[in-house]
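Engineer: The structure follows.
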4 protein chains.
Amino acid sequence: MEKKSVPSLVKDQQLILKRREQIIKGAVRLFIEKGFHRTTTREIAKESGFSIGTLYEYIGTKEDVLYLVCDAIYEEVTERLKKQLYTSGSAVERLEAAIRAYFTVIDSMQDEVLVMYQETKSLPKETLPYVLKKEEEMAAMMEEMVSACNQEGVFQFTDKEQKLFTHNLLVAGQMWTFRRWAIRKHFTLDEYIALQIKNLLKRE
Amino acid sequence: MEKKSVPSLVKDQQLILKRREQIIKGAVRLFIEKGFHRTTTREIAKESGFSIGTLYEYIGTKEDVLYLVCDAIYEEVTERLKKQLYTSGSAVERLEAAIRAYFTVIDSMQDEVLVMYQETKSLPKETLPYVLKKEEEMAAMMEEMVSACNQEGVFQFTDKEQKLFTHNLLVAGQMWTFRRWAIRKHFTLDEYIALQIKNLLKRE
Amino acid sequence: MEKKSVPSLVKDQQLILKRREQIIKGAVRLFIEKGFHRTTTREIAKESGFSIGTLYEYIGTKEDVLYLVCDAIYEEVTERLKKQLYTSGSAVERLEAAIRAYFTVIDSMQDEVLVMYQETKSLPKETLPYVLKKEEEMAAMMEEMVSACNQEGVFQFTDKEQKLFTHNLLVAGQMWTFRRWAIRKHFTLDEYIALQIKNLLKRE
Amino acid sequence: MEKKSVPSLVKDQQLILKRREQIIKGAVRLFIEKGFHRTTTREIAKESGFSIGTLYEYIGTKEDVLYLVCDAIYEEVTERLKKQLYTSGSAVERLEAAIRAYFTVIDSMQDEVLVMYQETKSLPKETLPYVLKKEEEMAAMMEEMVSACNQEGVFQFTDKEQKLFTHNLLVAGQMWTFRRWAIRKHFTLDEYIALQIKNLLKRE
DNA sequence: TATGAATGAGAATTCATTCAT
DNA sequence: AATGAATGAATTCTCATTCAT
């Protein structure tokens with residue numbers, strides 16, 4: 001599936017990329033602080049470093065900004081993850097490393113991840129699938145590693161169990177940001193990672 | 001901690017309760033459909049069955065409606081849960097029954113639960129703690145049952161592990177609504193419950 | 001000219017008078033504090049000691065309250081003044097005593113007088129003449145005393161000069177409240193009275 | 001004391017001045033007709049010749065309009081006065097000319113002056129001093145001329161008497177507008193000026 | 001007579017979007 | 001391409017007034 005294209009009045013593709021990067025950077029800051037709805041387009045323009053008129057040269061509606069932002073965040077999370085994913089060692093060792101990397105990436109982007117999840121529902125309807133796509137991609141990457149463990153006999157998962165395991169694993173990461181108010185009373189990041197890994201990798 | 005009191009111009013306490021019920025009912029419907037920010041106070045009034053003026057006899061701000069709604073949903077979830085919580089049998093049996101009940105309640109209120117989690121961040125700052133309080137209360141209820149299992153030797157959890165276990169359990173429930181777009185491709189509710197329980201209750 | 005009659009749903013004339021007194025008392029307090037426009041009918045009702053429904057049993061519109069208030073204040077000023085007006089002595093002595101009395105009365109009712117003058121323009125159009133009537137009555141009283149002085153040869157005023165003199169005299173009193181922010185930097189009430197009298201009574 | 005600055009979203013300072021002039025002109029017309037409180041921001045926008053949105057590009061609150069209006073009126077009165085103030089001749093002649101000028105200016109701006117005095121109390125609290133400042137400035141100008149007369153032996157005023165004289169003089173002017181309903185029954189402007197001057201300049 | 005809940009027109013203000021320069 | 005002034009629909013909230021009890 002291709003990316004949803006956001007309309008722009010500007011021709012120069014290079015410039016579009018550059019300006020949209022500015023927009024995303026500015027908007028993320030603002031969305032983190034006050035959320036999508038409480039942020040005005042004027043503020044986004046200002047924070048991006050240009051005028052409201054210019055902003056609208058690069059987007060069609062305010063919602064487009066949200067799409068750009070969510071897309072960018074997902075992109076970065078998956079990108080960063082991919083880079084750290086393929087280590088050597090046994091299947092379990094690689095899975096463990098992947099989980100660790102995943103949790104770490106999420107922690108280092110907690111505010112962004114939070115925005116992404118909280119504002120997802122405000123995305124323009126047509127774009128939602130494009131964003132969820134990314135999530136599925138990430139899930140697929142993880143599931144592959146789980147599958148490897150399964151094949152090496154580390155787990156004896158049915159298909160469904162494997163799906164669920166992967167799902168729980170992803171959720172555990174997201175929860176580190178989403179429920180931080182509850183979690184951080186009890187765990188440091190390292191503790192959280194260690195315990196979740198211990199829990200996930202325990203066999204029957 | 002007492003409930004946050006929402007200001008009303010009306011004196012009749014009975015009536016306040018009745019009208020607020022109407023408000024909550026109407027608002028939930030709208031929030032489910034379009035979210036808090038996209039719902040106008042006029043729509044809330046209309047959906048509640050009275051005029052905008054009357055709405056403001058029973059609340060101070062639009063945000064008060066959100067508080068009423070979130071509070072009511074949490075209340076109902078915990079209420080329903082409590083009713084089903086204390087069955088007989090061994091500690092594990094009771095825990096399993098509780099988990100089952102929890103997942104079932106959440107499923108039957110999925111839209112409401114979704115609203116609650118997605119709009120929490122829009123709550124007036126002073127009221128957030130009052131709402132989170134409910135969540136903690138529920139967590140405490142669950143943790144107690146986990147603790148019983150621990151004491152009966154079903155688990156050998158450290159304190160932290162017990163906390164994490166409870167946390168994961170609660171999250172597993174919420175995810176049934178929060179990530180339904182992903183989960184329901186693969187599981188029915190019963191499957192989801194069965195597998196999560198199997199996973200949670202497996203010993204080392 | 002008769003008083004403008006304010007419509008009431010209640011028959012008992014005695015009761016009407018009593019309730020309106022309450023209304024006036026309450027409203028004056030509020031008008032002094034926040035002015036007519038910023039005061040709500042609800043507040044007036046509360047301050048008067050009864051419900052909004054009852055308030056509307058005794059008035060037709062919010063503006064009626066303003067009329068009642070202005071009328072009452074004028075009434076009281078003239079009443080108080082009349083009581084102190086007719087002393088013995090020569091015409092000048094009597095005039096001087098009257099001026100003194102006038103300034104003193106105004107000082108003791110400064111807030112009320114201020115309200116009266118500041119809100120006059122908000123009076124329902126038909127009632128304005130009724131209120132100004134009081135002012136003219138007061139002016140007439142004063143002018144009579146000035147006229148006596150004139151006849152005794154204290155002044156040699158033409159008709160117009162006599163009018164103007166009286167007018168200036170009345171204004172001097174009102175200014176004690178109206179421009180108090182400027183005047184009180186420089187004068188105490190006694191100084192102000194003394195100097196104005198000296199100035200007014202000086203002959204050519 | 002600097003002028004209070006009213007916030008604007010527009011950058012072009014020239015334009016701000018132009019638009020605010022439009023606003024003031026439109027608002028004065030409306031305030032004269034119906035007073036500040038009965039005038040809506042929409043009416044102000046319309047009368048100013050632009051949309052409600054544009055109005056709010058040049059002011060922060062409705063009250064800002066009142067401040068702009070009052071400030072502008074005071075400004076114009078003092079400006080006009082200053083221009084006519086310094087004639088030649090003896091101190092008394094100059095004072096007399098000043099008084100005449102003052103009364104004439106006020107007469108030619110009677111509606112505006114009326115607005116200014118009647119709505120002063122509705123000014124945002126922080127701005128009141130800025131407006132009164134203008135009044136004091138005008139008083140100072142006048143007092144200077146009175147003082148000159150005093151030095152030339154026209155009067156034998158103590159400091160306080162001089163203050164009071166100036167004050168009475170200013171008030172006499174304002175009353176021409178403020179109590180016009182009463183005054184104009186008896187005097188034309190010329191008569192009023194002549195008699196007040198005669199009265200003011202009479203020596204002991 | 002007294003009450004106070006209900007009403008809804010109307011008010012101030014905001015903000016996404018457009019468009020002339 | 002960039003700017004930012006202009007627009008006006010939409011939004012929240014208020015408050016004088018009514019009317020059933």
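Identifiers in the structure tokens: chain A, B, ... in order shown; residue index from 1 per chain; ligand index from 1 in order shown.
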Do a neighbour search on Val65 in chain D at 8 Å with only C-alpha atoms (C1' of nucleotides), toss out local chain neighbours closer than 5 positions, and write the hits as an mmCIF file with N, CA and C atoms, in the first residue's frame.
Structural biologist:
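Output (result.cif):
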```cif
data_model
loop_
_atom_site.group_PDB
_atom_site.id
_atom_site.type_symbol
_atom_site.label_atom_id
_atom_site.label_comp_id
_atom_site.auth_asym_id
_atom_site.auth_seq_id
_atom_site.Cartn_x
_atom_site.Cartn_y
_atom_site.Cartn_z
ATOM 1 N N ILE D 23 -12.669 51.518 13.506
ATOM 2 C CA ILE D 23 -13.373 50.944 14.649
ATOM 3 C C ILE D 23 -13.905 52.041 15.560
ATOM 4 N N ILE D 24 -13.020 52.965 15.884
ATOM 5 C CA ILE D 24 -13.419 54.035 16.797
ATOM 6 C C ILE D 24 -14.593 54.823 16.221
ATOM 7 N N ALA D 27 -17.695 52.682 16.356
ATOM 8 C CA ALA D 27 -18.127 52.404 17.720
ATOM 9 C C ALA D 27 -18.710 53.647 18.377
ATOM 10 N N ILE D 59 -8.419 43.937 17.962
ATOM 11 C CA ILE D 59 -8.666 44.127 19.392
ATOM 12 C C ILE D 59 -8.636 42.765 20.076
#
```
Engineer: Any chance you could list, as a VMD selection string, the residues in chain D that come up alpha helix (DSSP H) when DSSP is run on the backbone?
Structural biologist: chain D and resid 13 to 38 41 to 48 52 to 58 62 to 85 91 to 108 110 to 119 128 to 151 159 to 178 180 to 183 189 to 201
Engineer: Using only C-alpha atoms (C1' of nucleotides), I'd like every residue of chain B that has an atom within 10 Å of chain F; please write them out as a ChimeraX atom specification.
Structural biologist: /B:40-42,52-53,56,60-62
Engineer: Once chain A is fitted to chain B on all Cα atoms paired one-to-one in order, how large is the remaining RMSD?
Structural biologist: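 Pairing the C-alpha atoms in order and fitting gives 0.2 Å.
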Engineer: Residues at most 12 Å from Val6 in chain D, counting only C-alpha atoms (C1' of nucleotides), excluding those fewer than 2 positions away in the same chain, as a list in words?
Structural biologist: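 The residues satisfying every condition are Lys3, Lys4, Ser8, Leu9, Val10, Ile16, Leu17, Arg20, Tyr56, Glu57, Tyr58, Ile59, Gly60, Thr61, Lys62, Glu63, Asp64, Val65, Leu66, Tyr67, Leu68, Val69, Asp71, Pro124, Glu126 and Thr127 of chain D.
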Engineer: Which residues, written as JSON, numbers by chain, have at least one atom at most 12 Å from range 146-153 of chain B, with only C-alpha atoms (C1' of nucleotides) counted and residues fewer than 6 positions away on the same chain left out?
Structural biologist: {"B": [89, 90, 91, 92, 93, 94, 95, 96, 97, 98, 99, 139, 140, 159, 160, 161, 162, 163, 164, 165, 166, 167, 168, 169, 170, 200, 201, 203]}
Engineer: For chain B, work out the contacting residues on chain A at 9 Å, counting only C-alpha atoms, and write them as a PyMOL selection string.
Structural biologist: chain A and resi 35+37+117-119+121-122+132+136+160-161+163-165+167-168+171-172+175+182-183+186-187+192+195-196+199+202-204
Engineer: Within 12 Å of chain D, which residues belong to chain E? Use only C-alpha atoms (C1' of nucleotides) and report them as a PyMOL selection string.
Structural biologist: chain E and resi 10-15
Engineer: Kindly export the residues of the current selection with all heavy atoms, as a tab-separated table (two decimals), in the first residue's frame.
Structural biologist:
```
chain	number	residue	atom	x	y	z
E	10	DG	P	-32.79	37.31	19.14
E	10	DG	OP1	-33.46	38.62	19.17
E	10	DG	OP2	-32.51	36.62	17.87
E	10	DG	O5'	-31.42	37.45	19.94
E	10	DG	C5'	-31.47	37.77	21.33
E	10	DG	C4'	-30.07	37.82	21.87
E	10	DG	O4'	-29.60	36.48	22.16
E	10	DG	C3'	-29.05	38.41	20.90
E	10	DG	O3'	-28.17	39.21	21.66
E	10	DG	C2'	-28.33	37.17	20.35
E	10	DG	C1'	-28.32	36.31	21.61
E	10	DG	N9	-28.11	34.89	21.40
E	10	DG	C8	-28.57	34.10	20.37
E	10	DG	N7	-28.19	32.85	20.47
E	10	DG	C5	-27.45	32.81	21.64
E	10	DG	C6	-26.78	31.74	22.27
E	10	DG	O6	-26.73	30.56	21.91
E	10	DG	N1	-26.14	32.14	23.44
E	10	DG	C2	-26.14	33.41	23.94
E	10	DG	N2	-25.47	33.62	25.06
E	10	DG	N3	-26.77	34.43	23.36
E	10	DG	C4	-27.39	34.06	22.22
E	11	DA	P	-27.47	40.40	21.01
E	11	DA	OP1	-28.09	41.63	21.51
E	11	DA	OP2	-27.34	40.15	19.55
E	11	DA	O5'	-26.04	40.26	21.67
E	11	DA	C5'	-25.97	40.11	23.09
E	11	DA	C4'	-24.66	39.48	23.47
E	11	DA	O4'	-24.78	38.05	23.40
E	11	DA	C3'	-23.53	39.86	22.55
E	11	DA	O3'	-22.61	40.71	23.21
E	11	DA	C2'	-22.84	38.56	22.19
E	11	DA	C1'	-23.56	37.50	22.97
E	11	DA	N9	-23.90	36.39	22.11
E	11	DA	C8	-24.71	36.41	21.01
E	11	DA	N7	-24.81	35.26	20.41
E	11	DA	C5	-24.01	34.43	21.16
E	11	DA	C6	-23.69	33.07	21.05
E	11	DA	N6	-24.18	32.30	20.08
E	11	DA	N1	-22.85	32.55	21.96
E	11	DA	C2	-22.37	33.34	22.92
E	11	DA	N3	-22.60	34.62	23.14
E	11	DA	C4	-23.44	35.11	22.21
E	12	DA	P	-21.38	41.17	22.34
E	12	DA	OP1	-21.01	42.48	22.89
E	12	DA	OP2	-21.62	40.99	20.90
E	12	DA	O5'	-20.31	40.08	22.78
E	12	DA	C5'	-19.97	39.95	24.15
E	12	DA	C4'	-18.89	38.92	24.31
E	12	DA	O4'	-19.33	37.68	23.72
E	12	DA	C3'	-17.57	39.28	23.63
E	12	DA	O3'	-16.51	38.82	24.45
E	12	DA	C2'	-17.64	38.53	22.30
E	12	DA	C1'	-18.47	37.30	22.67
E	12	DA	N9	-19.33	36.80	21.59
E	12	DA	C8	-20.23	37.50	20.85
E	12	DA	N7	-20.89	36.79	19.96
E	12	DA	C5	-20.40	35.52	20.15
E	12	DA	C6	-20.69	34.29	19.52
E	12	DA	N6	-21.60	34.16	18.55
E	12	DA	N1	-20.02	33.19	19.93
E	12	DA	C2	-19.11	33.33	20.91
E	12	DA	N3	-18.76	34.42	21.58
E	12	DA	C4	-19.44	35.50	21.14
E	13	DT	P	-15.05	39.22	24.13
E	13	DT	OP1	-14.33	39.24	25.40
E	13	DT	OP2	-15.03	40.40	23.24
E	13	DT	O5'	-14.55	37.96	23.31
E	13	DT	C5'	-14.68	36.67	23.92
E	13	DT	C4'	-14.39	35.61	22.90
E	13	DT	O4'	-15.44	35.53	21.93
E	13	DT	C3'	-13.10	35.80	22.08
E	13	DT	O3'	-12.22	34.77	22.48
E	13	DT	C2'	-13.53	35.67	20.63
E	13	DT	C1'	-14.89	35.00	20.75
E	13	DT	N1	-15.87	35.23	19.67
E	13	DT	C2	-16.29	34.14	18.94
E	13	DT	O2	-15.88	33.00	19.12
E	13	DT	N3	-17.23	34.41	17.98
E	13	DT	C4	-17.77	35.65	17.69
E	13	DT	O4	-18.62	35.76	16.80
E	13	DT	C5	-17.29	36.74	18.48
E	13	DT	C7	-17.81	38.13	18.22
E	13	DT	C6	-16.37	36.49	19.42
E	14	DT	P	-10.82	34.63	21.82
E	14	DT	OP1	-9.94	34.17	22.89
E	14	DT	OP2	-10.52	35.82	21.01
E	14	DT	O5'	-11.04	33.42	20.82
E	14	DT	C5'	-11.72	32.28	21.31
E	14	DT	C4'	-11.80	31.28	20.19
E	14	DT	O4'	-12.75	31.73	19.20
E	14	DT	C3'	-10.49	31.06	19.46
E	14	DT	O3'	-10.36	29.65	19.34
E	14	DT	C2'	-10.70	31.75	18.10
E	14	DT	C1'	-12.19	31.57	17.91
E	14	DT	N1	-12.92	32.55	17.08
E	14	DT	C2	-13.78	32.06	16.14
E	14	DT	O2	-13.95	30.87	15.93
E	14	DT	N3	-14.46	33.02	15.42
E	14	DT	C4	-14.36	34.38	15.57
E	14	DT	O4	-15.03	35.14	14.88
E	14	DT	C5	-13.43	34.83	16.58
E	14	DT	C7	-13.26	36.30	16.82
E	14	DT	C6	-12.77	33.90	17.27
E	15	DC	P	-8.99	28.97	19.14
E	15	DC	OP1	-9.00	27.75	19.97
E	15	DC	OP2	-7.93	29.97	19.29
E	15	DC	O5'	-9.06	28.54	17.63
E	15	DC	C5'	-10.30	28.03	17.15
E	15	DC	C4'	-10.25	27.91	15.66
E	15	DC	O4'	-10.89	29.06	15.07
E	15	DC	C3'	-8.83	27.89	15.07
E	15	DC	O3'	-8.85	26.98	14.01
E	15	DC	C2'	-8.64	29.30	14.57
E	15	DC	C1'	-10.05	29.61	14.08
E	15	DC	N1	-10.38	31.05	13.99
E	15	DC	C2	-11.39	31.46	13.14
E	15	DC	O2	-12.00	30.61	12.46
E	15	DC	N3	-11.69	32.78	13.06
E	15	DC	C4	-11.02	33.65	13.81
E	15	DC	N4	-11.34	34.93	13.71
E	15	DC	C5	-9.98	33.24	14.69
E	15	DC	C6	-9.69	31.94	14.76
```
Engineer: Near Met109 in chain D, within 9 Å and counting only C-alpha atoms (C1' of nucleotides), which residues show up once chain neighbours fewer than 3 positions away are dropped, as a PyMOL selection string?
Structural biologist: chain D and resi 73+77+104-106+112-114+177
Engineer: Grab the residues selected above and save them as a compact mmCIF listing (two decimals), in the first residue's frame with N, CA, C and O atoms.
Structural biologist:
```txt
# COMPACT_ATOMS: atom_id res chain seq x y z
N ILE D 73 -11.35 59.98 22.19
CA ILE D 73 -12.14 61.19 22.45
C ILE D 73 -11.35 62.17 23.32
O ILE D 73 -11.21 63.35 22.99
N VAL D 77 -10.29 65.92 22.27
CA VAL D 77 -10.64 67.11 23.06
C VAL D 77 -9.38 67.88 23.45
O VAL D 77 -9.27 69.08 23.21
N THR D 104 -16.52 75.57 23.69
CA THR D 104 -16.87 75.40 22.29
C THR D 104 -16.49 74.00 21.79
O THR D 104 -17.26 73.34 21.10
N VAL D 105 -15.29 73.60 22.14
CA VAL D 105 -14.85 72.25 21.75
C VAL D 105 -15.82 71.21 22.31
O VAL D 105 -16.28 70.32 21.59
N ILE D 106 -16.12 71.32 23.56
CA ILE D 106 -17.03 70.36 24.17
C ILE D 106 -18.38 70.36 23.46
O ILE D 106 -18.95 69.31 23.18
N GLU D 112 -19.79 62.70 21.84
CA GLU D 112 -18.60 61.93 22.20
C GLU D 112 -18.25 62.13 23.68
O GLU D 112 -17.96 61.17 24.40
N VAL D 113 -18.31 63.37 24.11
CA VAL D 113 -17.98 63.65 25.50
C VAL D 113 -18.94 62.91 26.42
O VAL D 113 -18.54 62.34 27.44
N LEU D 114 -20.18 62.90 26.03
CA LEU D 114 -21.17 62.21 26.84
C LEU D 114 -20.82 60.73 26.97
O LEU D 114 -20.81 60.16 28.07
N THR D 177 -22.82 69.15 28.40
CA THR D 177 -23.26 67.93 27.71
C THR D 177 -24.02 67.03 28.67
O THR D 177 -25.05 66.45 28.33
```
Engineer: What is the CA of Gln84 in chain A to CA of Lys18 in chain A distance in Å?
Structural biologist: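 We find that CA of Gln84 in chain A and CA of Lys18 in chain A lie 26.7 Å from each other.
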Engineer: How many Å lie between CA of Phe103 in chain D and CA of Val115 in chain C, rounded to one decimal?
Structural biologist: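 Interatomic distance here is 26.5 Å.
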Engineer: Measure the distance from CA of Gly173 in chain B to CA of Tyr102 in chain B in Å and round it to one decimal.
Structural biologist: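 Going from CA of Gly173 in chain B over to CA of Tyr102 in chain B, I get 7.1 Å.
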Engineer: Within 8 Å of Gln22 in chain A, counting only C-alpha atoms (C1' of nucleotides), which residues show up once you throw out same-chain ones fewer than 4 positions away? Write them as an NGL selection string, please.
Structural biologist: :A and (18 or 26 or 48-49)
